[in-house]
Amino acid sequence: MPSHHPRTSLSRRGFLVAGAALGLLPAAPARADGGPRPFGRYGSPARRLTPATLYVDPHGRGDHTSVQAAVTAAGGTSQALSTGGGSGRTLVIAPGTYRETVVVDAGRTETTWIGASEDPRDVVIVYDNAAGTPKPGGGTYGTTGSATTTVQADGFTARWITFANDWLRADHPEITGTQAVAVKVQGDRSAFTHCRFLGHQDTLYADSIALGVFARQYYRDCYVEGDVDFVFGRATAVYERCHFRTLNRTDLTAAPYGFVFAPSTAVANPRGYLVTRSRVSSEAPDAFYKLARPWVPGSDPTARPMLTVRDTRLGPGIDAVAPYTDMSAAYPWQSQRFAEYRNTGPGAGITVPENRPQLTDEQAGSATRERYLGDWTPWKEC
């Protein structure tokens, strides 16, 4: 995504252990070695949960020491899980920091990843590529290529895992492409529960595999942090009971520091991003962040971004007077599909009504997870 300030820098790196801001999980120290039972209640290679379960442990006590090695070994489809999980594999991942890039290609469907300790702070998949990082063979990675984890397959589920990109502007003042994606999700029926997504610019890329494909995604009890457009893309995505946190910036002296959402919904897609029963907090000064701006990418100039935020607490970090802004004057936010309903908190105050489009009660009846996700009901499996 375009950078608001392409040559900025940041000094903050401690977000790999920033789970205290989550507010959804009890504080607990990470167990670096996984303890005597690195896979918790999920068995082990000697006592496999199911024939389709693989175990990942950085200390060699599993089937593989890296997540990508396990993904590769899992292949595409396999026998059905005895737990009724579908045709794919389950990866049980022991506590540890996995510094690697991971790609789940489109053929590896119906895959489940489980953080064995059931605390997302213990299992961290992290790397530090940015859009402007030089590639070994020449050129740069670009926004998509910067992703630490890329999920292209349908039917992907992750629980209790941290996805992070710890690239920092301050470390690379020579790089102008500062987008650094923690995870890019493109598959249909992709579900994340009790996960963390950590980065700065373009943290969570909720997208689809192709322009004409409407990918449904569900995020529940998750924590996402960043600064510029840190939740973005063209997926049909529901964020339920999630916590979005905007970061402070020492490299800027004036607002705005950034933008929480930047959807790029295709014009033919009737449903974009839905945020419900969530909250937005901030480390930055009051009113220094915008709630959203529309992204109309060059690859889809007809896009009509859609975002509905409802029943959500917006903290003082959000500019209540003008919560939306343009990314490009050619595509004003007023022409897009932005709306709110029954939000609370200092950042939700309606002081200039024309700047805060509100749904009617009747319209809100269609802004639900059931309407957005159709016959897919992932919340029943949480």
# chains A, B, ... in the order shown; residues from 1 in each chain; ligands from 1
>>> closest_atom_pairs(of="stretch 178-265 of chain A", to="stretch 127-135 of chain A", cutoff="9 Å", atoms="only C-alpha atoms", output="Markdown table")
| residue | atom | partner | partner_atom | distance |
| --- | --- | --- | --- | --- |
| A:Thr178 | CA | A:Ala130 | CA | 5.8 |
| A:Gln179 | CA | A:Ala131 | CA | 5.3 |
| A:Ala180 | CA | A:Ala130 | CA | 4.3 |
| A:Val181 | CA | A:Ala130 | CA | 7.4 |
| A:Ala182 | CA | A:Tyr127 | CA | 8.0 |
>>> closest_atom_pairs(of="stretch 269-334 of chain A", to="stretch 346-367 of chain A", cutoff="12 Å", atoms="only C-alpha atoms", output="CSV")
residue,atom,partner,partner_atom,distance
A:Pro270,CA,A:Ser366,CA,10.9
A:Arg271,CA,A:Ala367,CA,8.8
A:Gly272,CA,A:Ala367,CA,10.4
A:Tyr273,CA,A:Ala367,CA,9.9
A:Leu274,CA,A:Ala367,CA,7.2
A:Val275,CA,A:Ala367,CA,9.4
A:Thr276,CA,A:Ala367,CA,9.1
A:Arg279,CA,A:Gly347,CA,10.5
A:Val280,CA,A:Gly347,CA,8.8
A:Ser281,CA,A:Gly347,CA,9.5
A:Ser282,CA,A:Gly347,CA,10.7
A:Asp286,CA,A:Gly347,CA,8.8
A:Ala287,CA,A:Gly347,CA,7.5
A:Phe288,CA,A:Gly347,CA,10.6
A:Tyr289,CA,A:Gly347,CA,9.7
A:Lys290,CA,A:Gly347,CA,9.6
A:Leu291,CA,A:Gly347,CA,8.9
A:Ala292,CA,A:Arg356,CA,11.5
A:Met306,CA,A:Ala367,CA,11.5
A:Leu307,CA,A:Ala367,CA,10.2
A:Thr308,CA,A:Ala367,CA,7.5
A:Val309,CA,A:Ala367,CA,9.2
A:Arg310,CA,A:Ala367,CA,8.4
A:Asp311,CA,A:Ala348,CA,10.4
A:Thr312,CA,A:Ala348,CA,8.8
A:Arg313,CA,A:Ala348,CA,7.4
A:Leu314,CA,A:Gly347,CA,4.7
A:Gly315,CA,A:Gly347,CA,5.1
A:Pro316,CA,A:Gly347,CA,4.9
A:Gly317,CA,A:Gly347,CA,6.7
A:Ile318,CA,A:Gly347,CA,4.8
A:Asp319,CA,A:Gly347,CA,6.0
A:Ala320,CA,A:Gly347,CA,4.6
A:Val321,CA,A:Thr351,CA,5.9
A:Ala322,CA,A:Asn355,CA,5.9
A:Pro323,CA,A:Asn355,CA,7.2
A:Tyr324,CA,A:Asn355,CA,7.3
A:Thr325,CA,A:Asn355,CA,9.5
A:Trp333,CA,A:Asn355,CA,9.8
A:Gln334,CA,A:Asn355,CA,8.4
>>> closest_atom_pairs(of="stretch 79-130 of chain A", to="stretch 157-161 of chain A", cutoff="6 Å", atoms="only C-alpha atoms", output="Markdown table")
| residue | atom | partner | partner_atom | distance |
| --- | --- | --- | --- | --- |
| A:Thr112 | CA | A:Thr157 | CA | 4.6 |
| A:Trp113 | CA | A:Ala158 | CA | 4.7 |
| A:Ile114 | CA | A:Arg159 | CA | 5.1 |
| A:Gly115 | CA | A:Trp160 | CA | 4.8 |
| A:Glu118 | CA | A:Trp160 | CA | 5.3 |
| A:Asp119 | CA | A:Trp160 | CA | 5.4 |
| A:Pro120 | CA | A:Trp160 | CA | 4.1 |
| A:Val123 | CA | A:Ile161 | CA | 5.4 |
>>> select_by_dssp(residues="stretch 79-324 of chain A", states="strand (DSSP E)", output="MDAnalysis selection string")
chainID A and resid 90:93 96:99 102:104 112:115 123:127 149:151 157:159 162:165 183:185 190:193 196:198 204:206 216:220 223:226 228:233 236:240 243:246 258:263 273:276 279:282 289:292 306:310 313:314
>>> residues_around(residues="A:Val103", least_positions_apart="5", cutoff="8 Å", atoms="only C-alpha atoms", output="number ranges by chain")
A: 68, 71, 149-152
>>> write_last_selection(atoms="N, CA and C atoms", output="PDB file, in the first residue's frame")
ATOM      1  N   GLN A  68       7.708 -23.970   7.754  1.00  0.00           N
ATOM      2  CA  GLN A  68       7.672 -24.210   6.316  1.00  0.00           C
ATOM      3  C   GLN A  68       7.988 -25.662   5.980  1.00  0.00           C
ATOM      4  N   VAL A  71       4.811 -27.528   6.531  1.00  0.00           N
ATOM      5  CA  VAL A  71       3.842 -27.229   5.474  1.00  0.00           C
ATOM      6  C   VAL A  71       4.188 -28.007   4.210  1.00  0.00           C
ATOM      7  N   THR A 149       4.226 -14.495   6.462  1.00  0.00           N
ATOM      8  CA  THR A 149       3.411 -15.675   6.182  1.00  0.00           C
ATOM      9  C   THR A 149       2.404 -15.341   5.102  1.00  0.00           C
ATOM     10  N   THR A 150       2.287 -16.209   4.108  1.00  0.00           N
ATOM     11  CA  THR A 150       1.307 -16.049   3.032  1.00  0.00           C
ATOM     12  C   THR A 150       0.418 -17.278   3.003  1.00  0.00           C
ATOM     13  N   VAL A 151      -0.893 -17.075   3.060  1.00  0.00           N
ATOM     14  CA  VAL A 151      -1.853 -18.177   3.040  1.00  0.00           C
ATOM     15  C   VAL A 151      -2.721 -18.032   1.801  1.00  0.00           C
ATOM     16  N   GLN A 152      -2.527 -18.909   0.822  1.00  0.00           N
ATOM     17  CA  GLN A 152      -3.301 -18.888  -0.414  1.00  0.00           C
ATOM     18  C   GLN A 152      -4.400 -19.946  -0.425  1.00  0.00           C
TER      19      GLN A 152
END
>>> atom_distance(atom1="atom CA of A:Ala191", atom2="atom CA of A:Tyr141")
26.3 Å
>>> atom_distance(atom1="atom CA of A:Asp122", atom2="atom CA of A:Leu49")
20.8 Å
